Amino acid sequence: MSKILTRRSYLQHAACGFGSVALADLVHAEQQRTRSPQPHFAARASRVIFLFMQGGPSQLDLFDPKPFIQQRHGQPIDSPLSSHVLQVGTERFLALGTAVPVRPRGHCGTPISDLLPHLAGIADEICLLKGMSADNPQHMPAELQLHTGALNDARPSMGAWISYGLGSENRNLPAFITINPHADVRYHGASWLPAEHQGTRLNAASDAGTAAIDNLRNISADQQVQRRRIDFLQRQNKRLQQTVPDPSMQGMIEAMELAFRMQTTTPQLVDLSAETQQTQELYGLGGKETDRNGRACLLARRLSEAGVRFVQVTMGGWDHHGDIRGNLPRLCAQTDQPVAALIRDLKQRGLLDDTLVVWCGEFGRTPWSQDLSGTAPIDTHGREHQPESFCAWMAGGGVRPGFVWGETDDLGYRVINGRIHIHDLHATILHQLGLDHTQLTWRHIGRDYRLTDVYGTVADEILA
């Protein structure tokens with residue numbers, strides 16, 4: 001009888017170059033999986049809260065107004081785009097000024113719109129980045145690049161890389177949790193990293209003091225019964241693993257153990273009724289506009305405080321192709337108070353110094369208007385996507401508070417100083433966590449991959 005080959009022995013005997021590459025990857029992956037997570041150097045931040053404003057917030061309306069555009073509101077301006085670029089609803093290139101003033105705030109004079117009064121109140125805590133840039137004008141690839149560093153591939157997400165690099169501060173909680181996540185699992189997936197590093201999905205409830213994590217409730221009669229079930233499954237998994245050595249299986253074994261521990265500790269953690277009335281009001285819980293995002297931000301604080309390394313919060317609705325003057329105030333009302341409350345709450349608890357908060361969309365929006373009908377009055381127009389320049393901000397975690405970095409041209413289109421590409425943003429976030437983005441790698445199909453691919457420079461200018 002011929003010997004049945006395991007995956008490893010098959011690859012060892014494969015008579016082609018791919019077999020040796022795959023075997024090398026398998027061996028290397030096992031070495032990487034069993035390494036002890038630790039920073040490469042002293043960290044300024046212990047954890048990250050990433051606030052994703054999905055859709056592309058308008059930087060001109062919120063942080064970077066342009067006098068030239070304001071003066072030419074409703075009038076044609078010269079197009080900076082190539083004649084080969086397809087234009088949909090922007091053929092006339094009409095300047096679209098801001099409807100609400102953007103004023104200097106705090107002692108630092110950071111420009112912030114009247115639409116964000118709560119954020120304006122903590123202007124001296126944030127570091128505003130006015131020279132952000134990305135590579136693609138379409139939502140999916142731009143969002144994918146922001147989350148994974150790649151435009152069109154299934155790569156590990158930023159949270160998965162951080163989980164792999166540092167692990168969790170609390171063995172009873174995952175290192176990476178994503179709140180109200182996007183439907184595309186790649187935005188919080190682990191790809192070819194071990195499964196234990198993918199984001200745990202959590203949906204902030206809008207009508208209760210709890211949050212929903214799939215299968216969080218233990219349906220067994222008691223914990224001892226559940227423990228015996230887990231032990232039985234783990235014995236079968238480890239027996240199979242001896243026959244079919246696969247690093248991803250070890251990740252699933254460890255994830256199952258973590259899930260068991262979470263069933264005993266997490267229900268209390270996600271119960272917001274334990275918070276004081278003052279704290280709930282600070283975040284806007286119970287408010288018509290602020291309840292959902294308030295719960296998400298308060299959960300982010302609780303999870304970070306409990307030891308979750310990377311918490312991602314998604315707040316959608318920023319894609320304003322039409323009537324941006326009518327729609328933008330509503331989005332600001334939904335997010336401003338909860339986000340500012342998060343910064344205030346972290347600071348008063350002594351957590352802001354070692355918690356890095358990042359607020360960012362996948363791109364910004366054009367200084368000229370978009371009118372899909374071709375006949376609407378200028379004050380009802382929207383704005384098209386703009387990856388060439390946009391704004392983001394950071395707070396805590398060793399970045400310079402009350403600081404503005406970056407500058408765009410008079411049109412608000414090109415970055416002329418202080419450019420920070422998405423790869424640079426990723427490199428800087430990892431740096432604050434004590435991770436060298438060039439050294440945090442994983443061997444896959446014969447080469448070392450990283451979050452920043454072959455790019456990325458730490459933005460030293462914004463570091464305290």
# chains A, B, ... in the order shown; residues from 1 in each chain; ligands from 1
call {"tool": "residues_around", "arguments": {"residues": "range 95-107 of chain A", "least_positions_apart": "6", "cutoff": "9 Å", "atoms": "only C-alpha atoms", "output": "mmCIF file with N, CA and C atoms, in the first residue's frame"}}
result
data_model
loop_
_atom_site.group_PDB
_atom_site.id
_atom_site.type_symbol
_atom_site.label_atom_id
_atom_site.label_comp_id
_atom_site.auth_asym_id
_atom_site.auth_seq_id
_atom_site.Cartn_x
_atom_site.Cartn_y
_atom_site.Cartn_z
ATOM 1 N N LEU A 60 -12.534 70.894 2.850
ATOM 2 C CA LEU A 60 -12.746 72.333 2.697
ATOM 3 C C LEU A 60 -13.831 72.841 3.636
ATOM 4 N N ASP A 61 -14.868 72.056 3.829
ATOM 5 C CA ASP A 61 -15.986 72.476 4.671
ATOM 6 C C ASP A 61 -15.689 72.321 6.158
ATOM 7 N N LEU A 62 -14.721 71.470 6.504
ATOM 8 C CA LEU A 62 -14.494 71.167 7.915
ATOM 9 C C LEU A 62 -13.201 71.746 8.475
ATOM 10 N N PHE A 63 -12.094 71.722 7.682
ATOM 11 C CA PHE A 63 -10.791 72.078 8.237
ATOM 12 C C PHE A 63 -9.919 72.975 7.357
ATOM 13 N N ASP A 64 -10.151 73.016 6.067
ATOM 14 C CA ASP A 64 -9.200 73.668 5.174
ATOM 15 C C ASP A 64 -9.905 74.544 4.131
ATOM 16 N N PRO A 65 -10.577 75.608 4.562
ATOM 17 C CA PRO A 65 -11.278 76.471 3.606
ATOM 18 C C PRO A 65 -10.282 77.265 2.756
ATOM 19 N N LYS A 66 -10.713 77.627 1.546
ATOM 20 C CA LYS A 66 -9.853 78.356 0.631
ATOM 21 C C LYS A 66 -10.505 79.679 0.237
ATOM 22 N N PRO A 67 -9.875 80.804 0.570
ATOM 23 C CA PRO A 67 -10.442 82.116 0.214
ATOM 24 C C PRO A 67 -10.719 82.253 -1.272
ATOM 25 N N PHE A 68 -9.845 81.711 -2.113
ATOM 26 C CA PHE A 68 -10.047 81.801 -3.557
ATOM 27 C C PHE A 68 -11.365 81.139 -3.963
ATOM 28 N N ILE A 69 -11.629 79.949 -3.417
ATOM 29 C CA ILE A 69 -12.866 79.231 -3.736
ATOM 30 C C ILE A 69 -14.060 79.984 -3.174
ATOM 31 N N GLN A 70 -13.921 80.517 -1.982
ATOM 32 C CA GLN A 70 -15.029 81.258 -1.369
ATOM 33 C C GLN A 70 -15.388 82.486 -2.203
ATOM 34 N N GLN A 71 -14.376 83.186 -2.689
ATOM 35 C CA GLN A 71 -14.618 84.383 -3.499
ATOM 36 C C GLN A 71 -15.241 84.052 -4.851
ATOM 37 N N ARG A 72 -14.914 82.874 -5.383
ATOM 38 C CA ARG A 72 -15.414 82.498 -6.718
ATOM 39 C C ARG A 72 -16.636 81.588 -6.641
ATOM 40 N N HIS A 73 -17.276 81.501 -5.501
ATOM 41 C CA HIS A 73 -18.418 80.594 -5.323
ATOM 42 C C HIS A 73 -19.431 80.755 -6.461
ATOM 43 N N GLY A 74 -19.738 79.621 -7.112
ATOM 44 C CA GLY A 74 -20.714 79.614 -8.203
ATOM 45 C C GLY A 74 -20.151 80.015 -9.548
ATOM 46 N N GLN A 75 -18.864 80.359 -9.620
ATOM 47 C CA GLN A 75 -18.241 80.779 -10.872
ATOM 48 C C GLN A 75 -17.300 79.690 -11.383
ATOM 49 N N PRO A 76 -17.088 79.636 -12.699
ATOM 50 C CA PRO A 76 -16.170 78.640 -13.256
ATOM 51 C C PRO A 76 -14.729 78.920 -12.823
ATOM 52 N N ILE A 77 -13.983 77.844 -12.583
ATOM 53 C CA ILE A 77 -12.559 77.938 -12.288
ATOM 54 C C ILE A 77 -11.818 76.999 -13.235
ATOM 55 N N SER A 113 -14.539 73.876 11.654
ATOM 56 C CA SER A 113 -15.832 74.422 11.253
ATOM 57 C C SER A 113 -16.777 74.614 12.438
ATOM 58 N N ASP A 114 -17.698 75.555 12.269
ATOM 59 C CA ASP A 114 -18.776 75.734 13.239
ATOM 60 C C ASP A 114 -19.666 74.500 13.315
ATOM 61 N N LEU A 115 -19.584 73.632 12.308
ATOM 62 C CA LEU A 115 -20.354 72.392 12.321
ATOM 63 C C LEU A 115 -19.814 71.402 13.350
ATOM 64 N N ALA A 120 -14.150 71.594 18.244
ATOM 65 C CA ALA A 120 -13.513 72.906 18.412
ATOM 66 C C ALA A 120 -13.114 73.131 19.873
ATOM 67 N N GLY A 121 -13.881 72.567 20.794
ATOM 68 C CA GLY A 121 -13.589 72.733 22.207
ATOM 69 C C GLY A 121 -12.366 71.977 22.679
ATOM 70 N N ILE A 122 -11.883 71.033 21.880
ATOM 71 C CA ILE A 122 -10.676 70.282 22.255
ATOM 72 C C ILE A 122 -9.597 70.452 21.185
ATOM 73 N N ALA A 123 -9.626 71.589 20.492
ATOM 74 C CA ALA A 123 -8.671 71.827 19.404
ATOM 75 C C ALA A 123 -7.229 71.701 19.869
ATOM 76 N N ASP A 124 -6.955 72.072 21.113
ATOM 77 C CA ASP A 124 -5.581 72.022 21.606
ATOM 78 C C ASP A 124 -5.102 70.605 21.900
ATOM 79 N N ARG A 325 -24.342 70.998 1.366
ATOM 80 C CA ARG A 325 -24.676 72.031 2.355
ATOM 81 C C ARG A 325 -25.862 71.615 3.221
ATOM 82 N N THR A 366 -13.687 67.432 -3.654
ATOM 83 C CA THR A 366 -13.175 68.485 -4.522
ATOM 84 C C THR A 366 -13.632 69.884 -4.095
ATOM 85 N N PRO A 367 -12.835 70.915 -4.444
ATOM 86 C CA PRO A 367 -13.259 72.295 -4.193
ATOM 87 C C PRO A 367 -14.270 72.792 -5.215
ATOM 88 N N TRP A 368 -14.433 72.076 -6.317
ATOM 89 C CA TRP A 368 -15.461 72.422 -7.284
ATOM 90 C C TRP A 368 -16.688 71.544 -7.056
ATOM 91 N N SER A 369 -17.804 71.989 -7.562
ATOM 92 C CA SER A 369 -19.065 71.324 -7.253
ATOM 93 C C SER A 369 -19.354 70.179 -8.219
ATOM 94 N N GLN A 370 -20.274 69.345 -7.783
ATOM 95 C CA GLN A 370 -20.780 68.263 -8.636
ATOM 96 C C GLN A 370 -22.303 68.365 -8.691
ATOM 97 N N ILE A 378 -26.541 76.132 -7.579
ATOM 98 C CA ILE A 378 -25.224 75.858 -7.019
ATOM 99 C C ILE A 378 -25.276 75.480 -5.543
ATOM 100 N N ASP A 379 -26.175 76.077 -4.785
ATOM 101 C CA ASP A 379 -26.207 75.810 -3.340
ATOM 102 C C ASP A 379 -26.737 74.421 -2.994
ATOM 103 N N HIS A 381 -25.541 71.751 -4.850
ATOM 104 C CA HIS A 381 -24.559 70.834 -5.437
ATOM 105 C C HIS A 381 -23.805 70.061 -4.351
ATOM 106 N N GLY A 382 -23.156 68.994 -4.779
ATOM 107 C CA GLY A 382 -22.285 68.230 -3.897
ATOM 108 C C GLY A 382 -20.835 68.380 -4.316
ATOM 109 N N ARG A 383 -20.005 67.451 -3.851
ATOM 110 C CA ARG A 383 -18.596 67.457 -4.219
ATOM 111 C C ARG A 383 -18.166 66.054 -4.661
ATOM 112 N N GLY A 402 -2.384 70.268 19.496
ATOM 113 C CA GLY A 402 -2.549 71.648 19.081
ATOM 114 C C GLY A 402 -1.620 72.033 17.944
#
call {"tool": "residues_around", "arguments": {"residues": "His321 in chain A", "least_positions_apart": "6", "cutoff": "12 Å", "atoms": "only C-alpha atoms", "output": "list in words"}}
result
Gly55, Gly56, Pro57, Ser58, Val88, Gly89, Thr90, Asn327, Leu328, Gly364, Arg365, Thr366, Trp368, Ser369, Gln370, Asp371, Leu372, Ser373, Thr380, His381, Gly382, Arg383, Glu384, His385 and Gln386 of chain A
call {"tool": "write_last_selection", "arguments": {"atoms": "C-alpha atoms", "output": "short mmCIF file (atom, residue, chain, number, x, y, z; two decimals), in the first residue's frame"}}
result
data_model
loop_
_atom_site.label_atom_id
_atom_site.label_comp_id
_atom_site.auth_asym_id
_atom_site.auth_seq_id
_atom_site.Cartn_x
_atom_site.Cartn_y
_atom_site.Cartn_z
CA GLY A 55 -17.37 58.09 2.37
CA GLY A 56 -14.86 60.94 2.29
CA PRO A 57 -15.44 63.96 4.59
CA SER A 58 -15.06 67.33 2.89
CA VAL A 88 -19.51 63.16 -14.16
CA GLY A 89 -21.47 66.20 -13.08
CA THR A 90 -18.38 68.40 -12.78
CA ASN A 327 -26.43 66.92 4.35
CA LEU A 328 -23.09 67.69 5.97
CA GLY A 364 -11.53 64.04 0.66
CA ARG A 365 -13.73 66.01 -1.70
CA THR A 366 -13.18 68.48 -4.52
CA TRP A 368 -15.46 72.42 -7.28
CA SER A 369 -19.07 71.32 -7.25
CA GLN A 370 -20.78 68.26 -8.64
CA ASP A 371 -24.27 68.47 -10.14
CA LEU A 372 -25.46 65.12 -11.42
CA SER A 373 -28.66 66.66 -12.82
CA THR A 380 -27.66 72.30 -3.77
CA HIS A 381 -24.56 70.83 -5.44
CA GLY A 382 -22.28 68.23 -3.90
CA ARG A 383 -18.60 67.46 -4.22
CA GLU A 384 -16.71 64.72 -6.11
CA HIS A 385 -14.06 62.39 -4.63
CA GLN A 386 -10.55 63.75 -4.15
#
call {"tool": "select_by_dssp", "arguments": {"residues": "range 94-229 of chain A", "states": "alpha helix (DSSP H)", "output": "PyMOL selection string"}}
result
chain A and resi 117-120+139-148+158-166+223-229
call {"tool": "write_last_selection", "arguments": {"atoms": "N, CA and C atoms", "output": "PDB file, in the first residue's frame"}}
result
ATOM      1  N   PRO A 117     -18.665  72.009  16.826  1.00  0.00           N
ATOM      2  CA  PRO A 117     -18.393  72.807  18.033  1.00  0.00           C
ATOM      3  C   PRO A 117     -17.736  72.020  19.152  1.00  0.00           C
ATOM      4  N   HIS A 118     -18.059  70.730  19.286  1.00  0.00           N
ATOM      5  CA  HIS A 118     -17.456  69.921  20.350  1.00  0.00           C
ATOM      6  C   HIS A 118     -15.978  69.667  20.057  1.00  0.00           C
ATOM      7  N   LEU A 119     -15.661  69.366  18.799  1.00  0.00           N
ATOM      8  CA  LEU A 119     -14.265  69.179  18.426  1.00  0.00           C
ATOM      9  C   LEU A 119     -13.500  70.487  18.582  1.00  0.00           C
ATOM     10  N   ALA A 120     -14.150  71.594  18.244  1.00  0.00           N
ATOM     11  CA  ALA A 120     -13.513  72.906  18.412  1.00  0.00           C
ATOM     12  C   ALA A 120     -13.114  73.131  19.873  1.00  0.00           C
ATOM     13  N   HIS A 139     -14.290  54.475  -4.016  1.00  0.00           N
ATOM     14  CA  HIS A 139     -14.429  54.119  -2.606  1.00  0.00           C
ATOM     15  C   HIS A 139     -13.740  52.811  -2.240  1.00  0.00           C
ATOM     16  N   MET A 140     -14.080  51.722  -2.930  1.00  0.00           N
ATOM     17  CA  MET A 140     -13.598  50.410  -2.509  1.00  0.00           C
ATOM     18  C   MET A 140     -12.074  50.326  -2.480  1.00  0.00           C
ATOM     19  N   PRO A 141     -11.375  50.656  -3.573  1.00  0.00           N
ATOM     20  CA  PRO A 141      -9.910  50.564  -3.493  1.00  0.00           C
ATOM     21  C   PRO A 141      -9.297  51.561  -2.518  1.00  0.00           C
ATOM     22  N   ALA A 142      -9.882  52.753  -2.402  1.00  0.00           N
ATOM     23  CA  ALA A 142      -9.345  53.738  -1.459  1.00  0.00           C
ATOM     24  C   ALA A 142      -9.555  53.281  -0.016  1.00  0.00           C
ATOM     25  N   GLU A 143     -10.722  52.738   0.293  1.00  0.00           N
ATOM     26  CA  GLU A 143     -10.983  52.219   1.630  1.00  0.00           C
ATOM     27  C   GLU A 143     -10.078  51.028   1.929  1.00  0.00           C
ATOM     28  N   LEU A 144      -9.877  50.194   0.921  1.00  0.00           N
ATOM     29  CA  LEU A 144      -9.012  49.027   1.095  1.00  0.00           C
ATOM     30  C   LEU A 144      -7.582  49.470   1.386  1.00  0.00           C
ATOM     31  N   GLN A 145      -7.122  50.498   0.681  1.00  0.00           N
ATOM     32  CA  GLN A 145      -5.770  50.994   0.930  1.00  0.00           C
ATOM     33  C   GLN A 145      -5.644  51.573   2.341  1.00  0.00           C
ATOM     34  N   LEU A 146      -6.642  52.305   2.783  1.00  0.00           N
ATOM     35  CA  LEU A 146      -6.599  52.875   4.126  1.00  0.00           C
ATOM     36  C   LEU A 146      -6.533  51.788   5.192  1.00  0.00           C
ATOM     37  N   HIS A 147      -7.235  50.689   4.974  1.00  0.00           N
ATOM     38  CA  HIS A 147      -7.305  49.636   5.979  1.00  0.00           C
ATOM     39  C   HIS A 147      -6.195  48.597   5.865  1.00  0.00           C
ATOM     40  N   THR A 148      -5.705  48.352   4.641  1.00  0.00           N
ATOM     41  CA  THR A 148      -4.752  47.253   4.448  1.00  0.00           C
ATOM     42  C   THR A 148      -3.443  47.674   3.789  1.00  0.00           C
ATOM     43  N   MET A 158      -4.799  46.685   8.988  1.00  0.00           N
ATOM     44  CA  MET A 158      -3.924  47.363   9.944  1.00  0.00           C
ATOM     45  C   MET A 158      -4.076  46.771  11.345  1.00  0.00           C
ATOM     46  N   GLY A 159      -5.306  46.551  11.782  1.00  0.00           N
ATOM     47  CA  GLY A 159      -5.523  45.981  13.105  1.00  0.00           C
ATOM     48  C   GLY A 159      -4.936  44.588  13.244  1.00  0.00           C
ATOM     49  N   ALA A 160      -4.995  43.795  12.164  1.00  0.00           N
ATOM     50  CA  ALA A 160      -4.433  42.445  12.199  1.00  0.00           C
ATOM     51  C   ALA A 160      -2.914  42.505  12.326  1.00  0.00           C
ATOM     52  N   TRP A 161      -2.277  43.437  11.598  1.00  0.00           N
ATOM     53  CA  TRP A 161      -0.820  43.592  11.707  1.00  0.00           C
ATOM     54  C   TRP A 161      -0.423  43.985  13.131  1.00  0.00           C
ATOM     55  N   ILE A 162      -1.184  44.882  13.739  1.00  0.00           N
ATOM     56  CA  ILE A 162      -0.865  45.331  15.093  1.00  0.00           C
ATOM     57  C   ILE A 162      -1.094  44.211  16.093  1.00  0.00           C
ATOM     58  N   SER A 163      -2.153  43.433  15.889  1.00  0.00           N
ATOM     59  CA  SER A 163      -2.399  42.274  16.741  1.00  0.00           C
ATOM     60  C   SER A 163      -1.238  41.281  16.637  1.00  0.00           C
ATOM     61  N   TYR A 164      -0.782  41.027  15.414  1.00  0.00           N
ATOM     62  CA  TYR A 164       0.344  40.114  15.200  1.00  0.00           C
ATOM     63  C   TYR A 164       1.616  40.651  15.838  1.00  0.00           C
ATOM     64  N   GLY A 165       1.833  41.960  15.722  1.00  0.00           N
ATOM     65  CA  GLY A 165       3.060  42.538  16.233  1.00  0.00           C
ATOM     66  C   GLY A 165       3.127  42.647  17.739  1.00  0.00           C
ATOM     67  N   LEU A 166       1.984  42.901  18.382  1.00  0.00           N
ATOM     68  CA  LEU A 166       1.996  43.193  19.813  1.00  0.00           C
ATOM     69  C   LEU A 166       1.115  42.293  20.663  1.00  0.00           C
ATOM     70  N   GLN A 223     -20.768  26.663  32.959  1.00  0.00           N
ATOM     71  CA  GLN A 223     -19.447  26.857  32.377  1.00  0.00           C
ATOM     72  C   GLN A 223     -18.665  25.549  32.300  1.00  0.00           C
ATOM     73  N   GLN A 224     -18.881  24.643  33.258  1.00  0.00           N
ATOM     74  CA  GLN A 224     -18.153  23.381  33.253  1.00  0.00           C
ATOM     75  C   GLN A 224     -18.534  22.534  32.033  1.00  0.00           C
ATOM     76  N   VAL A 225     -19.825  22.540  31.692  1.00  0.00           N
ATOM     77  CA  VAL A 225     -20.271  21.800  30.507  1.00  0.00           C
ATOM     78  C   VAL A 225     -19.633  22.379  29.248  1.00  0.00           C
ATOM     79  N   GLN A 226     -19.613  23.703  29.157  1.00  0.00           N
ATOM     80  CA  GLN A 226     -18.998  24.350  28.004  1.00  0.00           C
ATOM     81  C   GLN A 226     -17.507  24.022  27.925  1.00  0.00           C
ATOM     82  N   ARG A 227     -16.844  23.998  29.073  1.00  0.00           N
ATOM     83  CA  ARG A 227     -15.413  23.691  29.092  1.00  0.00           C
ATOM     84  C   ARG A 227     -15.161  22.275  28.585  1.00  0.00           C
ATOM     85  N   ARG A 228     -16.004  21.308  28.954  1.00  0.00           N
ATOM     86  CA  ARG A 228     -15.824  19.936  28.488  1.00  0.00           C
ATOM     87  C   ARG A 228     -16.043  19.841  26.984  1.00  0.00           C
ATOM     88  N   ARG A 229     -17.008  20.593  26.466  1.00  0.00           N
ATOM     89  CA  ARG A 229     -17.233  20.604  25.018  1.00  0.00           C
ATOM     90  C   ARG A 229     -16.020  21.153  24.280  1.00  0.00           C
TER      91      ARG A 229
END
call {"tool": "residues_around", "arguments": {"residues": "Gly361 in chain A", "least_positions_apart": "3", "cutoff": "6 Å", "atoms": "only C-alpha atoms", "output": "short mmCIF file (atom, residue, chain, number, x, y, z; two decimals) with C-alpha atoms, in the first residue's frame"}}
result
data_model
loop_
_atom_site.label_atom_id
_atom_site.label_comp_id
_atom_site.auth_asym_id
_atom_site.auth_seq_id
_atom_site.Cartn_x
_atom_site.Cartn_y
_atom_site.Cartn_z
CA PHE A 52 -13.06 55.62 10.12
CA MET A 53 -15.27 58.28 8.49
CA GLN A 54 -16.47 56.23 5.55
CA GLY A 56 -14.86 60.94 2.29
#
call {"tool": "select_by_dssp", "arguments": {"residues": "range 89-238 of chain A", "states": "strand (DSSP E)", "output": "JSON, numbers by chain"}}
result
{"A": [102, 103, 104, 105, 110, 111, 112, 113, 126, 127, 128, 129, 130, 131, 132, 133, 176, 177, 178, 179, 200, 201, 202, 203, 204, 211, 212]}
call {"tool": "write_last_selection", "arguments": {"atoms": "N, CA and C atoms", "output": "compact mmCIF listing (two decimals), in the first residue's frame"}}
result
# COMPACT_ATOMS: atom_id res chain seq x y z
N VAL A 102 -15.32 78.37 8.97
CA VAL A 102 -14.25 77.57 9.59
C VAL A 102 -13.33 78.55 10.28
N ARG A 103 -13.21 78.46 11.61
CA ARG A 103 -12.51 79.49 12.38
C ARG A 103 -11.32 78.89 13.14
N PRO A 104 -10.35 79.74 13.51
CA PRO A 104 -9.26 79.29 14.38
C PRO A 104 -9.82 78.93 15.76
N ARG A 105 -9.34 77.81 16.31
CA ARG A 105 -9.87 77.33 17.59
C ARG A 105 -8.74 77.12 18.60
N THR A 110 -6.10 76.11 15.52
CA THR A 110 -6.44 75.07 14.53
C THR A 110 -7.77 75.41 13.86
N PRO A 111 -7.84 75.44 12.52
CA PRO A 111 -9.10 75.76 11.85
C PRO A 111 -10.10 74.61 11.95
N ILE A 112 -11.27 74.90 12.48
CA ILE A 112 -12.33 73.89 12.63
C ILE A 112 -13.67 74.57 12.36
N SER A 113 -14.54 73.88 11.65
CA SER A 113 -15.83 74.42 11.25
C SER A 113 -16.78 74.61 12.44
N ILE A 126 -5.66 68.04 19.51
CA ILE A 126 -5.53 67.29 18.27
C ILE A 126 -4.38 67.81 17.41
N CYS A 127 -3.89 66.92 16.57
CA CYS A 127 -2.87 67.24 15.57
C CYS A 127 -3.54 67.10 14.20
N LEU A 128 -3.77 68.23 13.53
CA LEU A 128 -4.49 68.24 12.26
C LEU A 128 -3.52 68.03 11.11
N LEU A 129 -3.81 67.07 10.26
CA LEU A 129 -2.99 66.75 9.08
C LEU A 129 -3.73 67.23 7.84
N LYS A 130 -3.24 68.30 7.23
CA LYS A 130 -3.93 68.90 6.09
C LYS A 130 -3.34 68.46 4.75
N GLY A 131 -2.31 67.62 4.80
CA GLY A 131 -1.67 67.20 3.56
C GLY A 131 -1.77 65.71 3.29
N MET A 132 -2.87 65.09 3.70
CA MET A 132 -3.07 63.66 3.44
C MET A 132 -3.27 63.41 1.95
N SER A 133 -2.85 62.22 1.50
CA SER A 133 -3.10 61.85 0.10
C SER A 133 -3.21 60.34 -0.02
N PHE A 176 -7.89 42.89 18.62
CA PHE A 176 -8.47 43.73 17.56
C PHE A 176 -9.98 43.55 17.56
N ILE A 177 -10.70 44.65 17.79
CA ILE A 177 -12.16 44.65 17.73
C ILE A 177 -12.62 45.76 16.79
N THR A 178 -13.57 45.45 15.92
CA THR A 178 -14.11 46.43 14.99
C THR A 178 -15.58 46.67 15.31
N ILE A 179 -15.94 47.92 15.55
CA ILE A 179 -17.29 48.29 15.97
C ILE A 179 -18.07 48.85 14.78
N THR A 200 -12.54 41.14 15.66
CA THR A 200 -13.80 40.62 16.21
C THR A 200 -14.88 41.67 15.98
N ARG A 201 -15.95 41.28 15.31
CA ARG A 201 -17.01 42.22 14.96
C ARG A 201 -17.91 42.49 16.16
N LEU A 202 -18.22 43.77 16.35
CA LEU A 202 -19.11 44.18 17.44
C LEU A 202 -20.04 45.25 16.90
N ASN A 203 -21.34 45.06 17.09
CA ASN A 203 -22.34 46.02 16.63
C ASN A 203 -22.90 46.78 17.81
N ALA A 204 -22.69 48.09 17.81
CA ALA A 204 -23.19 48.93 18.90
C ALA A 204 -24.72 49.01 18.79
N ALA A 211 -23.96 45.53 23.68
CA ALA A 211 -23.50 45.44 22.30
C ALA A 211 -23.53 43.99 21.88
N ALA A 212 -23.66 43.75 20.59
CA ALA A 212 -23.81 42.39 20.08
C ALA A 212 -22.51 41.89 19.48
call {"tool": "residues_around", "arguments": {"residues": "range 417-421 of chain A", "least_positions_apart": "3", "cutoff": "7 Å", "atoms": "only C-alpha atoms", "output": "JSON, numbers by chain"}}
result
{"A": [131, 132, 133, 134, 405, 406, 407, 408, 424, 425]}
call {"tool": "closest_residue", "arguments": {"among": "A:Trp192, A:Pro137, A:Pro377, A:Gln38", "to": "Leu151 in chain A", "atoms": "only C-alpha atoms"}}
result
A:Pro137
call {"tool": "residues_around", "arguments": {"residues": "Asp291 in chain A", "least_positions_apart": "3", "cutoff": "10 Å", "atoms": "only C-alpha atoms", "output": "list in words"}}
result
Ala204, Ala205, Ser206, Asp207, Gln280, Glu281, Tyr283, Gly284, Leu285, Gly286, Gly287, Lys288, Gly294, Arg295, Ala296, Cys297, Gln334, Thr335 and Pro338 of chain A
call {"tool": "residues_around", "arguments": {"residues": "Val454 in chain A", "least_positions_apart": "3", "cutoff": "10 Å", "atoms": "only C-alpha atoms", "output": "PDB file with N, CA and C atoms, in the first residue's frame"}}
result
ATOM      1  N   HIS A 423       0.541  55.319   3.235  1.00  0.00           N
ATOM      2  CA  HIS A 423       1.648  54.483   3.713  1.00  0.00           C
ATOM      3  C   HIS A 423       2.412  55.173   4.842  1.00  0.00           C
ATOM      4  N   HIS A 437       7.942  49.665  10.832  1.00  0.00           N
ATOM      5  CA  HIS A 437       7.084  49.149   9.757  1.00  0.00           C
ATOM      6  C   HIS A 437       7.867  48.339   8.734  1.00  0.00           C
ATOM      7  N   THR A 438       9.183  48.518   8.660  1.00  0.00           N
ATOM      8  CA  THR A 438       9.984  47.735   7.715  1.00  0.00           C
ATOM      9  C   THR A 438      10.354  46.367   8.281  1.00  0.00           C
ATOM     10  N   TYR A 449       6.025  40.265   3.257  1.00  0.00           N
ATOM     11  CA  TYR A 449       5.028  41.325   3.097  1.00  0.00           C
ATOM     12  C   TYR A 449       4.955  42.146   4.373  1.00  0.00           C
ATOM     13  N   ARG A 450       4.494  43.406   4.223  1.00  0.00           N
ATOM     14  CA  ARG A 450       4.280  44.265   5.371  1.00  0.00           C
ATOM     15  C   ARG A 450       3.116  45.204   5.083  1.00  0.00           C
ATOM     16  N   LEU A 451       2.644  45.891   6.111  1.00  0.00           N
ATOM     17  CA  LEU A 451       1.500  46.788   5.958  1.00  0.00           C
ATOM     18  C   LEU A 451       1.793  47.894   4.952  1.00  0.00           C
TER      19      LEU A 451
END
call {"tool": "closest_residue", "arguments": {"among": "A:Leu272, A:Leu342, A:Ile422, A:Cys360", "to": "Asn136 in chain A", "atoms": "only C-alpha atoms"}}
result
A:Ile422
call {"tool": "atom_distance", "arguments": {"atom1": "CA of Gly167 in chain A", "atom2": "CA of Glu275 in chain A"}}
result
27.4 Å
call {"tool": "atom_distance", "arguments": {"atom1": "CA of Glu289 in chain A", "atom2": "CA of Arg330 in chain A"}}
result
8.0 Å
call {"tool": "closest_residue", "arguments": {"among": "A:Leu81, A:Ala154, A:Ala395, A:Ile343", "to": "Ala190 in chain A", "atoms": "only C-alpha atoms"}}
result
A:Ala154
